[in-house]
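Below: the structure, in structure tokens.
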Amino acid sequence: MNNASSKILTLAALSVAVSIGFVGCGSQSPSASKPVELNLLDSFLPNLSESYNVSLNIKIKDFEAKHPEIKLIRDQSSSDVLDTKVPTLGAANQLPDLFAVRSSWTPRFADAKEVMPIETLMKDDKTFMDGFIPGMLDDFAYKGSHYGIPWQAMPISVMYYNMNLLKKAGINKIPATFDEMLADVKALKAKGITPIVMGDKGKWQCRLLFSGLNVRTAGTDYLEKLKSGQMKFTDPPFQTTAGVFDQLAKAGAWNPDFSSIDYTQARSVFFNGKAAMYNEMVTFAQIEDEQWPAALKSAIQFSFFPQLPGEDLGKGINVPIATDWGIAFNSKLSGNKLKAAQAFAVEVLGDDYTKVLESKGGIGVRKVEGVDFSGVPEAVKRYFTDLAPKIVVGGHIDGRMPAAVTDEVSANLQNLMLGQVSASKALENIQAALDKALKSK
Amino acid sequence: MSYRKHLGRLTAIFILPGMVLFAFTVVVPALVALGYSLNSWPSLTTPKWIGLANFVDLVHDGLFWLSLWNNLKLALYTLIGQVGIGYAMAFLLNSRLVAFRNFFRTVMFFPVLVSTVVLSFLWTLVYDNDNGMLNVALRALGLGHYATAWLSNPHIVVGALAVPLIWQWFGFYMVIFMGALGTIPKEILESAELDGAVGVKKALHITIPLTYDAVVVSVLLCLAGIMKMFDTVLVMTDGGPGNSSMVLALYAYRVSFRDIQLGYGNAIAVGIIVVSLAITSSARLLLGGKRYAQ
């Protein structure tokens with residue numbers, strides 16, 4: 001290379017370096033007025049009509065309008081996608097500032113120190129921390145701290161009855177005891193009516209019933225006892241629960257295709273008057289106005305699962321409350337980003353949000369007053385007046401057990417319902433999965 | 001430089017980009033997976049070296065072996081269905097008996113072009129217990145006692161999954177076999193006919209031997225496809241009822257991304273590679289190939 005060429009090259013390199021320098025300065029200069037960027041990964045897709053989804057989008061829009069100094073950069077996916085996406089981002093150490101998180105991931109996120117405890121995030125706002133209904137943050141509890149703010153509470157395992165079909169089988173009231181329920185199942189079968197419809201393709205509906213029965217046979221704190229080794233799935237309370245599944249299966253209670261249809265199809269079967277009973281969360285009552293057929297509304301009654309043999313319901317009824325999903329905060333948040341995140345927590349997930357949520361029929365996790373219930377579906381009002389006062393809060397297995405255990409629960413319950421495995425063997429398998437999960441942790 | 005050396009270098013230059021691509025998309029990920037499989041890695045924590053412990057667990061993991069068994073059952077059904085029906089259809093369409101050959105060939109190949117997820121969803125509707133086409137047809141034909149919840153019966157669910165796989169892919173193998181049949185010189189076929197070899201005799205002694213390599217390739221492709229089976233099972237049963245239709249790839253996915261046990265998930269993935277290589281290599285050895293190529 002000759003001298004002239006090398007000079008030209010040097011000049012070119014210098015000019016590129018200077019240009020880059022100017023570009024860098026250009027991006028620095030307006031930093032004083034540049035909004036704080038807050039990345040949010042959520043599942044609140046605009047086309048979903050659930051009360052929490054609508055309410056959160058309203059509050060997020062309000063937040064964006066109120067805070068021009070904060071730029072919320074949203075990445076939205078369905079919760080099914082987040083099931084894979086969030087752990088993968090976590091494994092790559094690329095979690096966004098705020099993100100939707102499943103409560104069952106709490107120990108891993110906390111151990112990895114990638115998520116900030118809510119107590120640390122809101123350490124200067126005691127009012128906010130005191131505003132939660134006791135126990136509602138417990139799905140996200142780990143070693144004395146909480147690692148997520150749930151956006152709703154779901155009392156699970158409510159039994160819905162189509163009285164028109166029950167009457168066809170000569171039954172005039174919903175069963176009060178399990179023995180009555182078994183008799184009703186047999187009467188319905190004799191009339192060619194599917195007694196109970198279940199849509200367990202997604203493998204969570206059978207766990208709702210399992211959880212709903214376990215808190216009643218084993219107590220509200222049974223999940224913590226199982227994890228600490230004080231109880232085992234092979235203990236008598238769980239034998240009672242598995243026995244209920246076994247007896248119902250032997251009576252032919254469920255639709256034969258329960259494992260290959262999902263919950264929306266199960267709802268359709270119930271709505272179309274092809275099954276007399278359906279077990280779901282209180283969410284099913286929340287969709288009364290949008291989805292319950294008009295002709296069926298007056299015929300649907302609901303209650304908790306009937307009283308089990310030997311069960312004392314004098315002090316109320318143990319019911320698992322699932323929060324399942326919440327918003328977690330990246331442990332790396334600091335400075336203006338941290339302040340923006342704190343504002344987000346208070347304004348998007350706080351009392352005002354809870355009021356909007358409950359006015360739309362949802363159930364919040366915070367203590368609020370002055371909610372306008374005029375637009376709430378009648379079924380939800382019935383739930384609040386007839387059932388809610390009797391509830392003693394317990395945990396749901398999905399929120400507090402590793403996925404490997406819940407997978408094993410589903411597989412064994414399905415096999416039990418198909419008569420492929422005995423009740424005691426199913427429980428042994430589930431306990432083995434729990435032992436393995438605790439060992440690998 | 002000699003011509004041979006020059007040709008060798010030129011060949012290496014042309015092969016190099018492909019080799020690099022292959023290395024970074026296949027070899028490196030496989031080695032990385034092998035590395036991770038030697039660790040305990042429950043998601044967000046730092047991987048912890050545990051040697052072969054994951055593989056010891058894998059050998060004792062009943063669900064891994066059940067999944068492998070389901071893969072093998074699917075492989076048997078689809079080998080008979082995809083390759084068998086594919087060959088029969090190619091034979092038929094290659095004969096003078098069938099009119100509108102191009103039309104039938106297009107129709108039979110069409111499912112190959114459609115998304116597996118869409119087809120799996122359609123077949124889920126076909127199998128629906130109450131309103132599915134299959135049960136409705138059985139009831140209409142007075143065979144209602146055969147109507148069942150096809151995807152919820154643990155004894156038949158794997159067979160039920162094989163049907164859409166056969167339906168979707170036999171057209172692919174049919175096209176391969178039609179290509180192979182088209183390469184048989186007319187003179188050989190005419191000589192055979194003059195010698196009295198017609199019908200089954202001609203098929204057994206002329207056509208099948210001369211298309212044997214296409215059969216070997218098809219069998220290997222079919223086996224490889226079934227060993228990585230995932231989407232159809234995920235959409236139609238998600239491995240259920242219970243774990244009755246669990247397959248290896250779905251199990252690896254579940255352990256890795258639902259249970260978030262990335263170390264063990266990678267061990268299952270390595271297990272799948274080993275088993276797949278063993279099965280396809282055994283098939284290659286058993287079937288031979290090139291036997292009639294001269």
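Within each chain, counting starts at residue 1; across the structure tokens, chains are named A, B, ... in the order shown, with ligands numbered 1 upward in that order.
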What's around A:Lys186 at 9 Å? Count only C-alpha atoms, leave out sequence neighbours fewer than 3 positions away in its own chain, and write the answer as a list in words.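 Counting only the stated atoms, we get Met181, Leu182, Ala183, Lys189, Ala190, Lys191, Pro195, Ala251, Gly252 and Ala253 of chain A.
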Dump of C-alpha atoms for the selected residues, as an mmCIF file, in the first residue's frame:
data_model
loop_
_atom_site.group_PDB
_atom_site.id
_atom_site.type_symbol
_atom_site.label_atom_id
_atom_site.label_comp_id
_atom_site.auth_asym_id
_atom_site.auth_seq_id
_atom_site.Cartn_x
_atom_site.Cartn_y
_atom_site.Cartn_z
ATOM 1 C CA MET A 181 -74.117 -37.100 44.945
ATOM 2 C CA LEU A 182 -73.248 -40.726 44.178
ATOM 3 C CA ALA A 183 -76.950 -41.611 44.228
ATOM 4 C CA LYS A 189 -76.738 -42.433 34.326
ATOM 5 C CA ALA A 190 -79.926 -44.493 34.362
ATOM 6 C CA LYS A 191 -81.625 -41.722 32.390
ATOM 7 C CA PRO A 195 -73.645 -36.786 35.251
ATOM 8 C CA ALA A 251 -70.178 -44.959 38.998
ATOM 9 C CA GLY A 252 -69.446 -43.671 35.468
ATOM 10 C CA ALA A 253 -69.757 -40.044 36.527
#
Residues of chain A were defined as contacting chain B if any atom lay at most 6 Å from it, counting only C-alpha atoms; please report them as a PyMOL selection string. chain A and resi 84+90-91+112+257+259-260+403-404+411+414-415
Do a neighbour search on stretch 54-63 of chain A at 8 Å with only C-alpha atoms, toss out local chain neighbours closer than 6 positions, and write the hits as a PyMOL selection string. chain A and resi 44+46+48+344+347-349+353+356-357+360
Mind checking DSSP for stretch 21-249 of chain B and telling me the alpha helix (DSSP H) residues as a PyMOL selection string? chain B and resi 21-22+28-37+53-59+62-78+86-94+101-113+116-126+133-140+157-182+186-194+199-202+208-210+212-227+231-236+248-249
Find the distance between atom CA of A:Glu64 and atom CA of A:Ile327 and write it in Å to one decimal.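 Atom CA of A:Ile327 lies at a distance of 17.2 Å from atom CA of A:Glu64.
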Strand (DSSP E or B) positions in stretch 5-245 of chain B, given as a ChimeraX atom specification: /B:39-40,48-49
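You will find atom CA of B:Ala75 at 16.4 Å from atom CA of B:Val274.
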So, counting only C-alpha atoms, which residue among B:Lys201, B:Lys73, B:His6, B:Arg284 is closest to B:Ala160?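 Once distances to B:Ala160 are computed over only C-alpha atoms, the minimum belongs to B:Lys73.
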Do you know which residues are at most 12 Å from A:Asp75 counting only C-alpha atoms, after dropping those on the same chain fewer than 4 positions away, and could you put them as a CSV table (one decimal) with C-alpha atoms, in the first residue's frame?
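result_2.csv, freshly written:
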chain,number,residue,atom,x,y,z
A,38,LEU,CA,-40.0,0.4,31.4
A,39,ASN,CA,-40.2,-3.0,29.6
A,40,LEU,CA,-43.4,-5.0,30.4
A,41,LEU,CA,-43.9,-8.6,29.3
A,42,ASP,CA,-47.6,-9.5,29.9
A,43,SER,CA,-50.5,-11.6,28.7
A,44,PHE,CA,-53.2,-8.9,28.7
A,45,LEU,CA,-54.1,-9.3,25.1
A,81,VAL,CA,-46.6,-18.7,25.4
A,82,LEU,CA,-45.4,-17.1,28.5
A,85,LYS,CA,-41.0,-17.6,27.2
A,86,VAL,CA,-40.5,-16.3,30.8
A,95,LEU,CA,-35.8,-10.9,31.9
A,96,PRO,CA,-37.6,-7.5,31.2
A,97,ASP,CA,-38.2,-4.9,33.9
A,98,LEU,CA,-41.7,-6.1,34.8
A,99,PHE,CA,-43.1,-9.4,33.7
A,100,ALA,CA,-46.0,-11.8,34.2
Name the residues in contact with A:Glu69 at a cut-off of 12 Å, using only C-alpha atoms, excluding same-chain residues fewer than 5 positions from it; report them as a PDB file with all heavy atoms, in the first residue's frame.
ATOM      1  N   SER A  31     -31.011  13.617  27.261  1.00  0.00           N
ATOM      2  CA  SER A  31     -31.304  12.634  28.300  1.00  0.00           C
ATOM      3  C   SER A  31     -32.146  13.206  29.431  1.00  0.00           C
ATOM      4  O   SER A  31     -32.916  12.484  30.064  1.00  0.00           O
ATOM      5  CB  SER A  31     -30.011  12.042  28.850  1.00  0.00           C
ATOM      6  OG  SER A  31     -29.299  13.059  29.495  1.00  0.00           O
ATOM      7  N   ALA A  32     -32.047  14.502  29.661  1.00  0.00           N
ATOM      8  CA  ALA A  32     -32.807  15.088  30.761  1.00  0.00           C
ATOM      9  C   ALA A  32     -34.310  14.940  30.535  1.00  0.00           C
ATOM     10  O   ALA A  32     -35.067  14.684  31.447  1.00  0.00           O
ATOM     11  CB  ALA A  32     -32.427  16.554  30.898  1.00  0.00           C
ATOM     12  N   SER A  33     -34.720  15.051  29.245  1.00  0.00           N
ATOM     13  CA  SER A  33     -36.156  14.995  28.980  1.00  0.00           C
ATOM     14  C   SER A  33     -36.593  13.635  28.424  1.00  0.00           C
ATOM     15  O   SER A  33     -37.764  13.432  28.144  1.00  0.00           O
ATOM     16  CB  SER A  33     -36.527  16.093  27.987  1.00  0.00           C
ATOM     17  OG  SER A  33     -35.815  15.883  26.786  1.00  0.00           O
ATOM     18  N   LYS A  34     -35.639  12.763  28.256  1.00  0.00           N
ATOM     19  CA  LYS A  34     -35.970  11.456  27.683  1.00  0.00           C
ATOM     20  C   LYS A  34     -36.772  10.628  28.695  1.00  0.00           C
ATOM     21  O   LYS A  34     -36.379  10.534  29.868  1.00  0.00           O
ATOM     22  CB  LYS A  34     -34.671  10.725  27.335  1.00  0.00           C
ATOM     23  CG  LYS A  34     -34.894   9.508  26.477  1.00  0.00           C
ATOM     24  CD  LYS A  34     -33.607   8.782  26.235  1.00  0.00           C
ATOM     25  CE  LYS A  34     -33.871   7.450  25.576  1.00  0.00           C
ATOM     26  NZ  LYS A  34     -32.698   6.621  25.552  1.00  0.00           N
ATOM     27  N   PRO A  35     -37.908  10.035  28.273  1.00  0.00           N
ATOM     28  CA  PRO A  35     -38.701   9.271  29.242  1.00  0.00           C
ATOM     29  C   PRO A  35     -37.965   8.017  29.734  1.00  0.00           C
ATOM     30  O   PRO A  35     -37.121   7.464  29.029  1.00  0.00           O
ATOM     31  CB  PRO A  35     -39.956   8.895  28.446  1.00  0.00           C
ATOM     32  CG  PRO A  35     -39.625   9.087  27.028  1.00  0.00           C
ATOM     33  CD  PRO A  35     -38.504  10.059  26.941  1.00  0.00           C
ATOM     34  N   VAL A  36     -38.316   7.624  30.925  1.00  0.00           N
ATOM     35  CA  VAL A  36     -37.750   6.388  31.483  1.00  0.00           C
ATOM     36  C   VAL A  36     -38.431   5.217  30.781  1.00  0.00           C
ATOM     37  O   VAL A  36     -39.665   5.156  30.722  1.00  0.00           O
ATOM     38  CB  VAL A  36     -38.045   6.304  33.003  1.00  0.00           C
ATOM     39  CG1 VAL A  36     -37.517   4.999  33.576  1.00  0.00           C
ATOM     40  CG2 VAL A  36     -37.459   7.487  33.714  1.00  0.00           C
ATOM     41  N   GLU A  37     -37.636   4.310  30.248  1.00  0.00           N
ATOM     42  CA  GLU A  37     -38.228   3.168  29.542  1.00  0.00           C
ATOM     43  C   GLU A  37     -38.426   2.005  30.503  1.00  0.00           C
ATOM     44  O   GLU A  37     -37.499   1.609  31.215  1.00  0.00           O
ATOM     45  CB  GLU A  37     -37.323   2.754  28.383  1.00  0.00           C
ATOM     46  CG  GLU A  37     -37.369   3.748  27.238  1.00  0.00           C
ATOM     47  CD  GLU A  37     -36.583   3.295  26.025  1.00  0.00           C
ATOM     48  OE1 GLU A  37     -35.838   2.297  26.136  1.00  0.00           O
ATOM     49  OE2 GLU A  37     -36.693   3.944  24.974  1.00  0.00           O
ATOM     50  N   LEU A  38     -39.641   1.485  30.514  1.00  0.00           N
ATOM     51  CA  LEU A  38     -39.968   0.364  31.389  1.00  0.00           C
ATOM     52  C   LEU A  38     -40.513  -0.760  30.506  1.00  0.00           C
ATOM     53  O   LEU A  38     -41.550  -0.602  29.856  1.00  0.00           O
ATOM     54  CB  LEU A  38     -41.038   0.817  32.392  1.00  0.00           C
ATOM     55  CG  LEU A  38     -41.085   0.150  33.762  1.00  0.00           C
ATOM     56  CD1 LEU A  38     -39.752   0.228  34.486  1.00  0.00           C
ATOM     57  CD2 LEU A  38     -42.179   0.794  34.611  1.00  0.00           C
ATOM     58  N   PHE A  63     -52.306   4.788  33.261  1.00  0.00           N
ATOM     59  CA  PHE A  63     -50.931   4.991  33.747  1.00  0.00           C
ATOM     60  C   PHE A  63     -50.085   5.674  32.673  1.00  0.00           C
ATOM     61  O   PHE A  63     -49.339   6.617  32.959  1.00  0.00           O
ATOM     62  CB  PHE A  63     -50.335   3.632  34.117  1.00  0.00           C
ATOM     63  CG  PHE A  63     -48.918   3.693  34.631  1.00  0.00           C
ATOM     64  CD1 PHE A  63     -48.645   4.081  35.939  1.00  0.00           C
ATOM     65  CD2 PHE A  63     -47.849   3.356  33.806  1.00  0.00           C
ATOM     66  CE1 PHE A  63     -47.342   4.141  36.407  1.00  0.00           C
ATOM     67  CE2 PHE A  63     -46.545   3.407  34.271  1.00  0.00           C
ATOM     68  CZ  PHE A  63     -46.288   3.804  35.573  1.00  0.00           C
ATOM     69  N   GLU A  64     -50.229   5.197  31.435  1.00  0.00           N
ATOM     70  CA  GLU A  64     -49.447   5.785  30.338  1.00  0.00           C
ATOM     71  C   GLU A  64     -49.842   7.244  30.101  1.00  0.00           C
ATOM     72  O   GLU A  64     -48.991   8.095  29.834  1.00  0.00           O
ATOM     73  CB  GLU A  64     -49.647   4.965  29.053  1.00  0.00           C
ATOM     74  CG  GLU A  64     -48.901   3.635  29.094  1.00  0.00           C
ATOM     75  CD  GLU A  64     -49.178   2.762  27.881  1.00  0.00           C
ATOM     76  OE1 GLU A  64     -50.357   2.618  27.501  1.00  0.00           O
ATOM     77  OE2 GLU A  64     -48.218   2.208  27.315  1.00  0.00           O
ATOM     78  N   ASN A 336     -34.397   5.776  38.459  1.00  0.00           N
ATOM     79  CA  ASN A 336     -35.691   6.199  37.910  1.00  0.00           C
ATOM     80  C   ASN A 336     -36.564   5.015  37.500  1.00  0.00           C
ATOM     81  O   ASN A 336     -37.775   5.069  37.590  1.00  0.00           O
ATOM     82  CB  ASN A 336     -35.471   7.114  36.698  1.00  0.00           C
ATOM     83  CG  ASN A 336     -35.013   8.493  37.145  1.00  0.00           C
ATOM     84  OD1 ASN A 336     -35.191   8.877  38.310  1.00  0.00           O
ATOM     85  ND2 ASN A 336     -34.410   9.235  36.230  1.00  0.00           N
ATOM     86  N   LYS A 337     -35.911   3.967  37.045  1.00  0.00           N
ATOM     87  CA  LYS A 337     -36.669   2.769  36.637  1.00  0.00           C
ATOM     88  C   LYS A 337     -37.383   2.160  37.837  1.00  0.00           C
ATOM     89  O   LYS A 337     -38.533   1.726  37.754  1.00  0.00           O
ATOM     90  CB  LYS A 337     -35.729   1.734  36.020  1.00  0.00           C
ATOM     91  CG  LYS A 337     -35.462   1.969  34.563  1.00  0.00           C
ATOM     92  CD  LYS A 337     -34.994   0.683  33.900  1.00  0.00           C
ATOM     93  CE  LYS A 337     -34.959   0.853  32.400  1.00  0.00           C
ATOM     94  NZ  LYS A 337     -35.003  -0.390  31.682  1.00  0.00           N
ATOM     95  N   LYS A 339     -38.314   3.755  40.532  1.00  0.00           N
ATOM     96  CA  LYS A 339     -39.424   4.650  40.902  1.00  0.00           C
ATOM     97  C   LYS A 339     -40.617   4.434  39.967  1.00  0.00           C
ATOM     98  O   LYS A 339     -41.766   4.419  40.394  1.00  0.00           O
ATOM     99  CB  LYS A 339     -38.961   6.111  40.835  1.00  0.00           C
ATOM    100  CG  LYS A 339     -38.136   6.518  42.040  1.00  0.00           C
ATOM    101  CD  LYS A 339     -37.722   7.967  41.917  1.00  0.00           C
ATOM    102  CE  LYS A 339     -36.697   8.294  43.016  1.00  0.00           C
ATOM    103  NZ  LYS A 339     -35.931   9.487  42.703  1.00  0.00           N
ATOM    104  N   ALA A 340     -40.317   4.284  38.669  1.00  0.00           N
ATOM    105  CA  ALA A 340     -41.401   4.048  37.704  1.00  0.00           C
ATOM    106  C   ALA A 340     -42.113   2.734  38.012  1.00  0.00           C
ATOM    107  O   ALA A 340     -43.340   2.645  37.933  1.00  0.00           O
ATOM    108  CB  ALA A 340     -40.825   4.024  36.290  1.00  0.00           C
ATOM    109  N   ALA A 343     -44.401   3.170  40.953  1.00  0.00           N
ATOM    110  CA  ALA A 343     -45.637   3.859  40.541  1.00  0.00           C
ATOM    111  C   ALA A 343     -46.562   2.894  39.814  1.00  0.00           C
ATOM    112  O   ALA A 343     -47.779   2.900  40.022  1.00  0.00           O
ATOM    113  CB  ALA A 343     -45.283   5.046  39.641  1.00  0.00           C
TER     114      ALA A 343
END
Which polymer residues have any atom within 8 Å of an atom of A:Gln286, counting only C-alpha atoms, with same-chain residues fewer than 5 positions away left out, as a PDB file with N, CA, C and O atoms, in the first residue's frame?
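So around-v5.pdb came out as:
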ATOM      1  N   GLY A 361     -66.950  -7.838  38.103  1.00  0.00           N
ATOM      2  CA  GLY A 361     -67.226  -9.215  38.498  1.00  0.00           C
ATOM      3  C   GLY A 361     -65.998 -10.011  38.878  1.00  0.00           C
ATOM      4  O   GLY A 361     -66.099 -11.184  39.241  1.00  0.00           O
ATOM      5  N   GLY A 362     -64.811  -9.417  38.792  1.00  0.00           N
ATOM      6  CA  GLY A 362     -63.590 -10.115  39.191  1.00  0.00           C
ATOM      7  C   GLY A 362     -63.421 -10.088  40.712  1.00  0.00           C
ATOM      8  O   GLY A 362     -64.160  -9.401  41.420  1.00  0.00           O
ATOM      9  N   PRO A 377     -72.373  -9.678  37.304  1.00  0.00           N
ATOM     10  CA  PRO A 377     -73.366 -10.715  36.999  1.00  0.00           C
ATOM     11  C   PRO A 377     -74.060 -11.235  38.269  1.00  0.00           C
ATOM     12  O   PRO A 377     -73.443 -11.314  39.334  1.00  0.00           O
ATOM     13  N   ALA A 379     -74.868 -14.178  39.078  1.00  0.00           N
ATOM     14  CA  ALA A 379     -74.247 -15.387  39.634  1.00  0.00           C
ATOM     15  C   ALA A 379     -73.112 -15.032  40.583  1.00  0.00           C
ATOM     16  O   ALA A 379     -72.918 -15.688  41.613  1.00  0.00           O
ATOM     17  N   VAL A 380     -72.353 -13.991  40.232  1.00  0.00           N
ATOM     18  CA  VAL A 380     -71.244 -13.583  41.108  1.00  0.00           C
ATOM     19  C   VAL A 380     -71.799 -12.992  42.403  1.00  0.00           C
ATOM     20  O   VAL A 380     -71.279 -13.259  43.494  1.00  0.00           O
TER      21      VAL A 380
END
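Using only C-alpha atoms for every distance, the candidate list B:Leu125, B:Met229, B:Leu189, B:Leu248 yields B:Leu189 as the residue closest to B:Ala203.
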For a test of reading the model, state the distance in Å between atom CA of A:Ala169 and atom CA of A:Thr264, rounded to one decimal. 25.7 Å
Can you list, as a ChimeraX atom specification, every protein, DNA or RNA residue that comes within 10 Å of A:Asp138 when you count only C-alpha atoms, leaving out same-chain residues fewer than 4 positions away? /A:103,134,142,144-148,150,322-323,394-395,399-400
